[in-house]
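J.: So that you have it, the file is my_file_10.cif, and it contains mmCIF, C-alpha atoms:
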```cif
data_coords
#
loop_
_atom_site.label_atom_id
_atom_site.label_comp_id
_atom_site.auth_asym_id
_atom_site.auth_seq_id
_atom_site.Cartn_x
_atom_site.Cartn_y
_atom_site.Cartn_z
CA MET A 1 -46.74 11.15 107.32
CA ASN A 2 -47.00 14.83 108.33
CA LEU A 3 -46.80 15.85 104.66
CA LEU A 4 -49.50 13.33 103.72
CA ARG A 5 -51.74 14.64 106.50
CA LYS A 6 -51.31 18.19 105.23
CA LEU A 7 -52.17 17.09 101.70
CA LEU A 8 -55.39 15.56 103.08
CA PHE A 9 -56.51 18.90 104.52
CA PRO A 10 -59.44 19.23 102.03
CA PHE A 11 -60.81 15.96 103.41
CA ALA A 12 -60.50 17.36 106.94
CA ILE A 13 -62.68 20.30 105.87
CA LEU A 14 -65.26 17.89 104.41
CA TYR A 15 -65.13 15.72 107.54
CA GLY A 16 -65.60 18.81 109.69
CA MET A 17 -68.66 19.85 107.69
CA ILE A 18 -70.23 16.40 108.07
CA THR A 19 -69.66 16.21 111.85
CA SER A 20 -70.81 19.81 112.34
CA ILE A 21 -74.06 19.15 110.44
CA ARG A 22 -74.60 16.00 112.50
CA ASN A 23 -74.10 17.92 115.75
CA PHE A 24 -76.39 20.72 114.53
CA PHE A 25 -79.15 18.19 113.82
CA PHE A 26 -78.83 16.73 117.32
CA ASP A 27 -78.70 20.20 118.92
CA LYS A 28 -81.90 21.23 117.13
CA GLY A 29 -83.72 17.95 117.79
CA ILE A 30 -83.84 16.94 114.13
CA LEU A 31 -81.92 13.83 115.17
CA LYS A 32 -83.30 12.50 118.43
CA SER A 33 -81.29 12.17 121.63
CA TYR A 34 -82.67 9.92 124.35
CA SER A 35 -82.56 10.76 128.06
CA PHE A 36 -82.96 8.34 130.95
CA ASP A 37 -84.26 8.73 134.47
CA LEU A 38 -81.00 8.12 136.32
CA PRO A 39 -77.60 9.84 136.54
CA ILE A 40 -75.50 9.10 133.46
CA ILE A 41 -71.91 10.36 133.31
CA ALA A 42 -70.16 10.25 129.93
CA VAL A 43 -66.37 10.27 129.79
CA GLY A 44 -64.70 10.88 126.45
CA ASN A 45 -62.48 13.05 124.31
CA LEU A 46 -62.43 15.01 121.06
CA SER A 47 -59.36 13.24 119.70
CA VAL A 48 -58.41 9.70 118.79
CA GLY A 49 -55.68 8.13 120.90
CA GLY A 50 -55.13 7.69 124.59
CA THR A 51 -56.23 10.48 126.90
CA GLY A 52 -56.63 8.36 130.04
CA LYS A 53 -60.30 7.42 129.92
CA THR A 54 -59.80 4.11 131.72
CA PRO A 55 -58.14 5.53 134.87
CA GLN A 56 -60.76 8.30 134.92
CA ILE A 57 -63.62 5.78 134.82
CA GLU A 58 -61.89 3.85 137.60
CA TYR A 59 -61.60 7.04 139.64
CA LEU A 60 -65.37 7.56 139.33
CA ILE A 61 -66.05 3.96 140.31
CA ARG A 62 -63.98 4.38 143.49
CA LEU A 63 -65.68 7.69 144.24
CA LEU A 64 -69.27 6.49 143.80
CA SER A 65 -69.47 2.75 144.40
CA ASP A 66 -69.57 2.88 148.20
CA LYS A 67 -72.91 4.67 148.08
CA TYR A 68 -74.47 3.76 144.72
CA LYS A 69 -74.97 0.73 142.47
CA ILE A 70 -72.70 1.41 139.50
CA ALA A 71 -72.67 0.10 135.94
CA THR A 72 -70.14 0.87 133.23
CA LEU A 73 -71.13 0.74 129.58
CA SER A 74 -68.46 0.61 126.87
CA ARG A 75 -68.41 -0.16 123.18
CA GLY A 76 -66.01 -3.07 123.79
CA TYR A 77 -63.43 -1.99 121.24
CA LYS A 78 -61.86 -4.87 119.25
CA ARG A 79 -63.94 -7.55 120.98
CA LYS A 80 -64.87 -10.59 118.92
CA THR A 81 -68.56 -10.41 119.78
CA LYS A 82 -71.52 -8.24 118.81
CA GLY A 83 -74.45 -6.65 120.58
CA PHE A 84 -75.13 -6.27 124.29
CA ILE A 85 -73.13 -8.39 126.72
CA LEU A 86 -73.17 -8.19 130.49
CA ALA A 87 -69.87 -9.40 131.93
CA GLU A 88 -69.96 -12.68 133.82
CA ALA A 89 -67.56 -15.35 135.07
CA SER A 90 -66.93 -16.72 131.58
CA SER A 91 -66.15 -13.28 130.08
CA ASN A 92 -62.67 -12.35 128.86
CA ALA A 93 -60.94 -9.64 126.85
CA ALA A 94 -62.00 -11.29 123.58
CA THR A 95 -65.70 -11.29 124.46
CA ILE A 96 -66.06 -7.84 126.06
CA GLY A 97 -62.84 -5.95 125.23
CA ASP A 98 -59.71 -5.35 127.26
CA GLU A 99 -60.76 -2.23 129.19
CA PRO A 100 -64.22 -3.51 130.22
CA PHE A 101 -62.62 -6.80 131.26
CA GLN A 102 -60.16 -4.81 133.37
CA PHE A 103 -63.11 -3.07 135.08
CA PHE A 104 -64.79 -6.43 135.64
CA GLN A 105 -61.72 -7.97 137.26
CA LYS A 106 -60.89 -4.98 139.45
CA PHE A 107 -64.43 -4.12 140.54
CA PRO A 108 -66.46 -7.34 140.77
CA PHE A 109 -69.16 -5.53 142.77
CA ILE A 110 -70.31 -3.40 139.80
CA LYS A 111 -72.06 -4.28 136.55
CA VAL A 112 -69.87 -4.11 133.44
CA ALA A 113 -71.60 -4.11 130.07
CA VAL A 114 -70.67 -3.56 126.43
CA ASP A 115 -72.80 -2.46 123.50
CA ALA A 116 -71.92 -0.30 120.49
CA ASP A 117 -75.51 1.00 120.66
CA ARG A 118 -75.38 2.87 123.97
CA LYS A 119 -79.15 3.48 123.98
CA ASN A 120 -79.84 -0.25 123.75
CA GLY A 121 -77.10 -0.93 126.30
CA ILE A 122 -78.71 1.41 128.83
CA GLU A 123 -82.15 -0.10 128.21
CA GLN A 124 -80.73 -3.60 128.73
CA LEU A 125 -79.04 -2.55 132.00
CA LEU A 126 -82.28 -1.01 133.26
CA ALA A 127 -84.11 -4.24 132.41
CA GLN A 128 -81.91 -6.21 134.84
CA MET A 129 -83.49 -7.39 138.09
CA GLU A 130 -80.96 -5.33 140.04
CA LYS A 131 -80.92 -2.00 138.22
CA PRO A 132 -77.91 0.32 138.42
CA GLU A 133 -78.36 3.68 140.09
CA ILE A 134 -75.61 5.33 138.03
CA ILE A 135 -74.25 4.48 134.58
CA LEU A 136 -70.76 5.51 133.50
CA LEU A 137 -70.46 5.75 129.72
CA ASP A 138 -66.93 5.02 128.54
CA ASP A 139 -65.73 6.84 125.39
CA ALA A 140 -69.16 8.22 124.55
CA PHE A 141 -68.62 11.94 124.02
CA GLN A 142 -69.60 11.68 120.33
CA HIS A 143 -72.46 9.24 120.96
CA ARG A 144 -75.18 11.87 120.62
CA LYS A 145 -78.03 9.36 120.43
CA VAL A 146 -77.88 9.22 124.23
CA LYS A 147 -78.03 12.49 126.17
CA ALA A 148 -75.99 12.03 129.32
CA GLY A 149 -76.69 14.16 132.37
CA PHE A 150 -73.02 15.03 132.86
CA TYR A 151 -70.09 15.14 130.42
CA ILE A 152 -66.40 14.85 131.30
CA LEU A 153 -64.05 15.74 128.45
CA LEU A 154 -60.42 14.61 128.61
CA THR A 155 -57.52 16.16 126.72
CA SER A 156 -53.85 15.22 127.06
CA TYR A 157 -51.35 17.76 128.38
CA GLY A 158 -49.01 17.18 125.44
CA ASP A 159 -51.78 17.13 122.83
CA LEU A 160 -54.48 19.67 123.72
CA TYR A 161 -57.53 19.70 121.48
CA SER A 162 -57.12 23.46 121.13
CA ASP A 163 -53.87 22.84 119.24
CA ASP A 164 -55.19 20.02 117.05
CA TRP A 165 -56.94 19.67 113.68
CA LEU A 166 -59.74 17.50 112.40
CA LEU A 167 -59.07 14.06 110.94
CA PRO A 168 -57.28 13.13 108.74
CA THR A 169 -54.97 16.18 108.99
CA GLY A 170 -55.04 16.03 112.78
CA ASN A 171 -56.56 13.71 115.39
CA LEU A 172 -59.87 15.42 116.23
CA ARG A 173 -63.06 13.41 115.82
CA GLU A 174 -65.10 16.59 115.66
CA SER A 175 -64.65 20.36 115.78
CA ARG A 176 -63.11 21.97 118.86
CA ASN A 177 -66.55 23.52 119.42
CA GLY A 178 -67.66 20.10 120.62
CA ALA A 179 -65.93 20.92 123.91
CA ASP A 180 -68.87 23.24 124.67
CA ARG A 181 -70.95 20.18 125.60
CA ALA A 182 -68.63 19.33 128.49
CA ASN A 183 -69.49 20.14 132.08
CA VAL A 184 -65.94 19.39 133.18
CA ILE A 185 -62.71 19.39 131.18
CA ILE A 186 -59.71 17.48 132.54
CA VAL A 187 -56.20 17.95 131.21
CA THR A 188 -54.65 14.52 131.74
CA LYS A 189 -51.10 13.15 131.83
CA CYS A 190 -49.67 16.41 133.19
CA PRO A 191 -46.31 16.71 134.96
CA PHE A 192 -47.10 16.15 138.63
CA ASN A 193 -45.48 19.53 139.47
CA LEU A 194 -47.44 21.57 136.91
CA SER A 195 -47.26 25.18 138.06
CA PHE A 196 -50.25 27.45 138.70
CA LYS A 197 -48.99 29.74 135.93
CA GLU A 198 -48.98 26.93 133.37
CA GLN A 199 -52.43 25.83 134.53
CA ASP A 200 -53.67 29.35 133.91
CA ASP A 201 -51.98 29.48 130.48
CA ILE A 202 -53.68 26.22 129.47
CA LYS A 203 -57.03 27.51 130.70
CA LYS A 204 -56.67 30.53 128.40
CA ARG A 205 -55.77 28.32 125.44
CA LEU A 206 -58.79 26.07 125.96
CA LYS A 207 -61.19 29.06 126.10
CA LEU A 208 -63.67 27.53 128.52
CA SER A 209 -67.25 28.70 128.90
CA LYS A 210 -68.20 30.37 132.18
CA ASN A 211 -70.13 27.33 133.40
CA GLN A 212 -67.31 24.83 132.74
CA GLU A 213 -64.83 23.57 135.32
CA LEU A 214 -61.21 22.72 134.51
CA TYR A 215 -59.00 20.20 136.31
CA PHE A 216 -55.51 18.81 135.86
CA THR A 217 -54.42 15.24 136.55
CA PHE A 218 -51.28 13.17 136.32
CA ILE A 219 -50.72 9.44 136.04
CA ALA A 220 -49.66 7.98 139.37
CA TYR A 221 -47.81 4.70 138.97
CA ASP A 222 -48.00 2.04 141.66
CA ASP A 223 -44.82 1.32 143.61
CA CYS A 224 -45.32 -2.42 143.01
CA ILE A 225 -45.79 -4.69 140.02
CA TYR A 226 -48.33 -7.51 140.30
CA GLY A 227 -48.40 -11.05 139.00
CA GLU A 228 -50.77 -13.97 139.39
CA ASN A 229 -49.66 -14.85 142.92
CA ARG A 230 -47.21 -12.18 144.08
CA LYS A 231 -46.17 -8.58 143.93
CA ILE A 232 -42.71 -7.02 143.77
CA LYS A 233 -41.57 -3.53 144.71
CA VAL A 234 -40.60 -1.50 141.64
CA GLU A 235 -37.37 -0.44 143.33
CA GLU A 236 -36.39 -4.11 143.61
CA ILE A 237 -36.65 -4.73 139.86
CA GLN A 238 -35.54 -1.33 138.58
CA LEU A 239 -32.01 -2.51 137.76
CA ALA A 240 -32.95 -6.09 136.87
CA ALA A 241 -33.00 -7.26 133.25
CA LYS A 242 -36.56 -7.38 131.98
CA VAL A 243 -38.83 -7.04 128.97
CA LEU A 244 -41.37 -4.22 128.95
CA VAL A 245 -44.44 -4.71 126.73
CA ALA A 246 -47.05 -2.05 125.94
CA GLY A 247 -49.98 -2.04 123.54
CA ILE A 248 -51.25 1.44 124.42
CA ALA A 249 -51.45 4.72 122.51
CA LYS A 250 -48.59 6.53 124.28
CA PRO A 251 -46.30 4.05 126.05
CA GLU A 252 -43.28 6.33 126.64
CA PRO A 253 -44.09 7.26 130.29
CA PHE A 254 -44.68 3.58 131.13
CA PHE A 255 -41.30 2.64 129.70
CA ALA A 256 -39.54 5.59 131.35
CA TYR A 257 -40.89 4.68 134.80
CA LEU A 258 -39.54 1.13 134.71
CA GLN A 259 -36.69 0.75 132.29
CA ASN A 260 -32.94 0.70 132.64
CA PRO A 261 -30.55 0.86 129.64
CA ASN A 262 -30.38 -2.94 129.35
CA ASP A 263 -34.13 -3.53 129.15
CA VAL A 264 -35.99 -4.53 126.00
CA CYS A 265 -39.02 -2.36 125.24
CA LEU A 266 -41.68 -3.72 122.87
CA SER A 267 -44.34 -1.30 121.69
CA PHE A 268 -47.50 -2.46 119.90
CA PRO A 269 -50.54 -0.52 118.60
CA ASP A 270 -53.28 0.45 121.04
CA HIS A 271 -55.64 -2.46 121.88
CA HIS A 272 -53.31 -4.81 120.01
CA ASN A 273 -54.42 -8.42 119.70
CA PHE A 274 -51.24 -10.36 120.41
CA THR A 275 -50.55 -13.05 117.81
CA ASP A 276 -48.70 -16.32 118.30
CA LYS A 277 -45.73 -14.67 116.59
CA ASP A 278 -45.83 -11.77 119.08
CA ILE A 279 -45.96 -14.18 122.02
CA LEU A 280 -43.02 -16.17 120.69
CA GLU A 281 -41.00 -12.98 120.21
CA ILE A 282 -41.70 -11.86 123.79
CA LYS A 283 -40.74 -15.28 125.18
CA ASN A 284 -37.51 -15.41 123.17
CA LEU A 285 -36.49 -11.93 124.26
CA ALA A 286 -37.39 -12.53 127.90
CA GLN A 287 -35.82 -15.98 128.34
CA ASN A 288 -36.01 -16.34 132.15
CA ASN A 289 -36.36 -12.61 132.89
CA ILE A 290 -39.56 -10.99 134.09
CA ILE A 291 -42.03 -9.43 131.67
CA ILE A 292 -43.87 -6.29 132.73
CA THR A 293 -46.83 -4.93 130.85
CA THR A 294 -49.64 -2.45 131.35
CA GLU A 295 -52.76 -3.44 133.23
CA LYS A 296 -54.79 -3.24 130.02
CA ASP A 297 -52.39 -5.52 128.15
CA TYR A 298 -52.12 -7.96 131.05
CA VAL A 299 -55.73 -9.11 130.62
CA ARG A 300 -54.89 -10.09 127.02
CA LEU A 301 -51.46 -11.62 127.69
CA LYS A 302 -52.43 -13.61 130.77
CA GLY A 303 -52.52 -17.29 129.91
CA SER A 304 -50.25 -16.85 126.89
CA LEU A 305 -47.06 -16.14 128.85
CA PRO A 306 -45.68 -17.94 131.92
CA ASN A 307 -47.49 -16.74 135.07
CA GLU A 308 -44.26 -16.67 137.08
CA GLN A 309 -42.73 -14.21 134.61
CA LEU A 310 -45.68 -11.97 133.73
CA PHE A 311 -46.45 -8.85 135.78
CA TYR A 312 -48.37 -5.61 135.31
CA LEU A 313 -48.00 -2.07 136.63
CA PRO A 314 -51.25 -0.44 137.86
CA ILE A 315 -51.91 3.26 137.39
CA GLN A 316 -54.35 5.76 138.86
CA SER A 317 -55.50 9.23 137.90
CA SER A 318 -54.47 11.80 140.54
CA PHE A 319 -55.55 15.43 140.68
CA ILE A 320 -53.12 18.34 140.83
CA SER A 321 -54.09 20.98 143.36
CA GLY A 322 -54.59 24.52 142.21
CA PRO A 323 -56.97 27.44 142.64
CA GLU A 324 -60.40 25.75 142.62
CA THR A 325 -58.99 22.69 140.81
CA SER A 326 -58.33 20.16 143.56
CA GLY A 327 -59.57 16.59 143.59
CA ASP A 328 -61.90 17.53 146.46
CA ASN A 329 -63.59 20.14 144.28
CA PHE A 330 -63.99 17.62 141.46
CA ASN A 331 -65.44 15.05 143.86
CA LYS A 332 -67.93 17.62 145.17
CA THR A 333 -69.03 18.51 141.63
CA ILE A 334 -69.69 14.85 140.78
CA LEU A 335 -71.38 14.03 144.08
CA ASP A 336 -73.57 17.13 143.85
CA TYR A 337 -74.69 16.15 140.34
CA VAL A 338 -75.42 12.56 141.34
CA GLY A 339 -77.09 13.55 144.59
CA THR A 340 -79.34 16.12 142.92
CA SER A 341 -80.23 13.71 140.10
CA THR A 342 -81.11 10.83 142.42
CA ARG A 343 -83.21 13.06 144.73
CA ASN A 344 -85.21 14.32 141.75
CA ARG A 345 -86.10 10.85 140.47
#
```
Would you give me this structure, written as structure tokens?

T.:
Amino acid sequence: MNLLRKLLFPFAILYGMITSIRNFFFDKGILKSYSFDLPIIAVGNLSVGGTGKTPQIEYLIRLLSDKYKIATLSRGYKRKTKGFILAEASSNAATIGDEPFQFFQKFPFIKVAVDADRKNGIEQLLAQMEKPEIILLDDAFQHRKVKAGFYILLTSYGDLYSDDWLLPTGNLRESRNGADRANVIIVTKCPFNLSFKEQDDIKKRLKLSKNQELYFTFIAYDDCIYGENRKIKVEEIQLAAKVLVAGIAKPEPFFAYLQNPNDVCLSFPDHHNFTDKDILEIKNLAQNNIIITTEKDYVRLKGSLPNEQLFYLPIQSSFISGPETSGDNFNKTILDYVGTSTRNR
């Protein structure tokens, strides 16, 4: 695969030219970007694959929802529907996508919407009787048709965009120069004990602009797993026989946190739609043992596997403290942007 990707390098150059011309047209106003009269925060990345957008959106929801009316707007990747949909009681992962459905279940007090056309999605949200005061755009860094007021760019610790190449040779959706649009850059999935020296080394590699802020986060796993009607301490099931199921981009940390040598680990592609064959395989491997999956996969597996056996492990994004890089500083940056934007409306 690595050899094939290298052979496709000429196509990466062509792809880079196309995306660069597109960005140039938006930067110069030849292609129109639309702005809206409310705070809009876009969370995204330069690369394909998991950089932790979902826990970052959830972090923002927790930060802002006590004071403001929040709406999230996602594309609804791999949903079986089209157009704008506002989540409601009858919604599920098939109709709005697994990550939006996860938002909807965890935060029933916010509006959760999906639309591949983010401009139309925002207009539809603003047409609601109860309008949101803030919109969080999920995976919208390349969606230049909408001009967000604040951009958060995520890049994984083990796969920095500064070390990557454009598709199809690498995993970048656009040139590394696209990072210049970000107000904040967050290096996600770091070791929780990342040293100040390594933070500084990464900062040099990313070559930030003077007006950009850099933060570092790690994935904090819950100390309990959760099922339909009960929760169990992780330490209680650590040595028990179990089946671990993950349909996410980089499942290794999830497996490492839970597994013992006797466990069965099943890895599926990101956003995988589990087939009847997959479900049968999981049941046969599990027998009467518990099945633990990610929170994102749980919303798709629930109802297909026995409730008494199926559990999920929640995660949260946690900030690593450093010189001017603490979670408090990040919170202040976001709250200052939102507060200034809402006062100027």

J.: Skip A:Ser209 itself and residues of its chain fewer than 3 positions away, then list as an NGL selection string all residues within 10 Å of it, counting only C-alpha atoms.

T.: :A and (179-183 or 206 or 212-213)

J.: Which residues are close to A:Asn120, i.e. within 12 Å by all atoms listed in the file, leaving aside same-chain residues fewer than 2 positions away? Reply as a ChimeraX atom specification.

T.: /A:34,36,73-75,83-85,113-118,122-127,145-146

J.: Could you tell me which of A:Leu280, A:Val112, A:Ile186, A:Ile315 comes closest to A:Asn92 if we count only C-alpha atoms?

T.: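 Counting only C-alpha atoms, the residue closest to A:Asn92 is A:Val112.
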
J.: Find the spatial neighbours of stretch 260-272 of chain A, counting all atoms listed in the file, within a cut-off of 7 Å - ignore same-chain residues fewer than 6 positions away - and output them as a VMD selection string.

T.: chain A and resid 238 to 239 241 to 249

J.: A:Thr275, A:Ser317, A:Asn171, A:Thr294: which is nearest A:Gln102, counting all atoms listed in the file?

T.: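 Looking only at the distances to A:Gln102, the closest residue turns out to be A:Thr294.
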
J.: Care to translate the PyMOL selection byres ((chain A and resi 318) around 6) into actual residues of this file, as a short mmCIF file (atom, residue, chain, number, x, y, z; two decimals) with C-alpha atoms, in the coordinates of the input?

T.:
```
data_model
loop_
_atom_site.label_atom_id
_atom_site.label_comp_id
_atom_site.auth_asym_id
_atom_site.auth_seq_id
_atom_site.Cartn_x
_atom_site.Cartn_y
_atom_site.Cartn_z
CA THR A 217 -54.42 15.24 136.55
CA PHE A 218 -51.28 13.17 136.32
CA SER A 317 -55.50 9.23 137.90
CA PHE A 319 -55.55 15.43 140.68
#
```

J.: Kindly give the distance, in Å, that separates atom CA of A:Glu236 and atom CA of A:Glu281, rounded to a single decimal.

T.: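 Atom-to-atom, atom CA of A:Glu236 and atom CA of A:Glu281 are spaced 25.4 Å apart.
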
J.: Report the distance between atom CA of A:Thr81 and atom CA of A:Thr95 in Å, rounded to one decimal place.

T.: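 Computed distance, atom CA of A:Thr81 to atom CA of A:Thr95, equals 5.6 Å.
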
J.: Of the candidates A:Asn177, A:Thr293, A:Phe216, A:Val338, which one gets nearest to A:Asp37 if we count all atoms listed in the file?

T.: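 Checking each of A:Asn177, A:Thr293, A:Phe216, A:Val338 against A:Asp37, counting all atoms listed in the file, the winner is A:Val338.
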
J.: At most 12 Å from (-70.5, -5.3, 141.1), file frame, all atoms listed in the file: which residues, as a list in words?

T.: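 Using all atoms listed in the file, the matching residues come out as Ile61, Arg62, Ser65, Asp66, Tyr68, Lys69, Ile70, Ala71, Thr72, Leu86, Ala87, Glu88, Phe103, Phe104, Gln105, Lys106, Phe107, Pro108, Phe109, Ile110, Lys111, Val112, Ala113, Glu130, Lys131, Pro132 and Glu133 of chain A.
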
J.: Closest to A:Asp200 among A:Val187, A:Gln287, A:Leu31, A:His143, using only C-alpha atoms?

T.: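 Going through A:Val187, A:Gln287, A:Leu31, A:His143 one by one, the smallest distance to A:Asp200 is for A:Val187.
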
J.: Name the residues that the PyMOL selection byres ((chain A and resi 234) around 9) picks from the file above, as a PyMOL selection string, using the file's chain letters and numbers.

T.: chain A and resi 222-225+232-233+235-238+258+313

J.: Got a sec to resolve the PyMOL selection byres ((chain A and resi 289) around 10) on this structure and send the residues as a VMD selection string?

T.: chain A and resid 240 to 243 283 285 to 288 290 to 292 308 to 310

J.: Restricting the output to C-alpha atoms, write the selected residues as a compact mmCIF listing (two decimals), keeping the file's coordinate frame.

T.:
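Contents of the output file out_4.txt:
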```txt
# COMPACT_ATOMS: atom_id res chain seq x y z
CA ALA A 240 -32.95 -6.09 136.87
CA ALA A 241 -33.00 -7.26 133.25
CA LYS A 242 -36.56 -7.38 131.98
CA VAL A 243 -38.83 -7.04 128.97
CA LYS A 283 -40.74 -15.28 125.18
CA LEU A 285 -36.49 -11.93 124.26
CA ALA A 286 -37.39 -12.53 127.90
CA GLN A 287 -35.82 -15.98 128.34
CA ASN A 288 -36.01 -16.34 132.15
CA ILE A 290 -39.56 -10.99 134.09
CA ILE A 291 -42.03 -9.43 131.67
CA ILE A 292 -43.87 -6.29 132.73
CA GLU A 308 -44.26 -16.67 137.08
CA GLN A 309 -42.73 -14.21 134.61
CA LEU A 310 -45.68 -11.97 133.73
```

J.: So, with all atoms listed in the file as the atoms that count, which of A:Ser156, A:Arg230, A:Asp328, A:Lys250 lies closest to A:Tyr312?

T.: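 Counting all atoms listed in the file, the residue closest to A:Tyr312 is A:Arg230.
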
J.: At what distance in Å, to one decimal, does atom CA of A:Phe101 lie from atom CA of A:Lys80?

T.: 13.1 Å
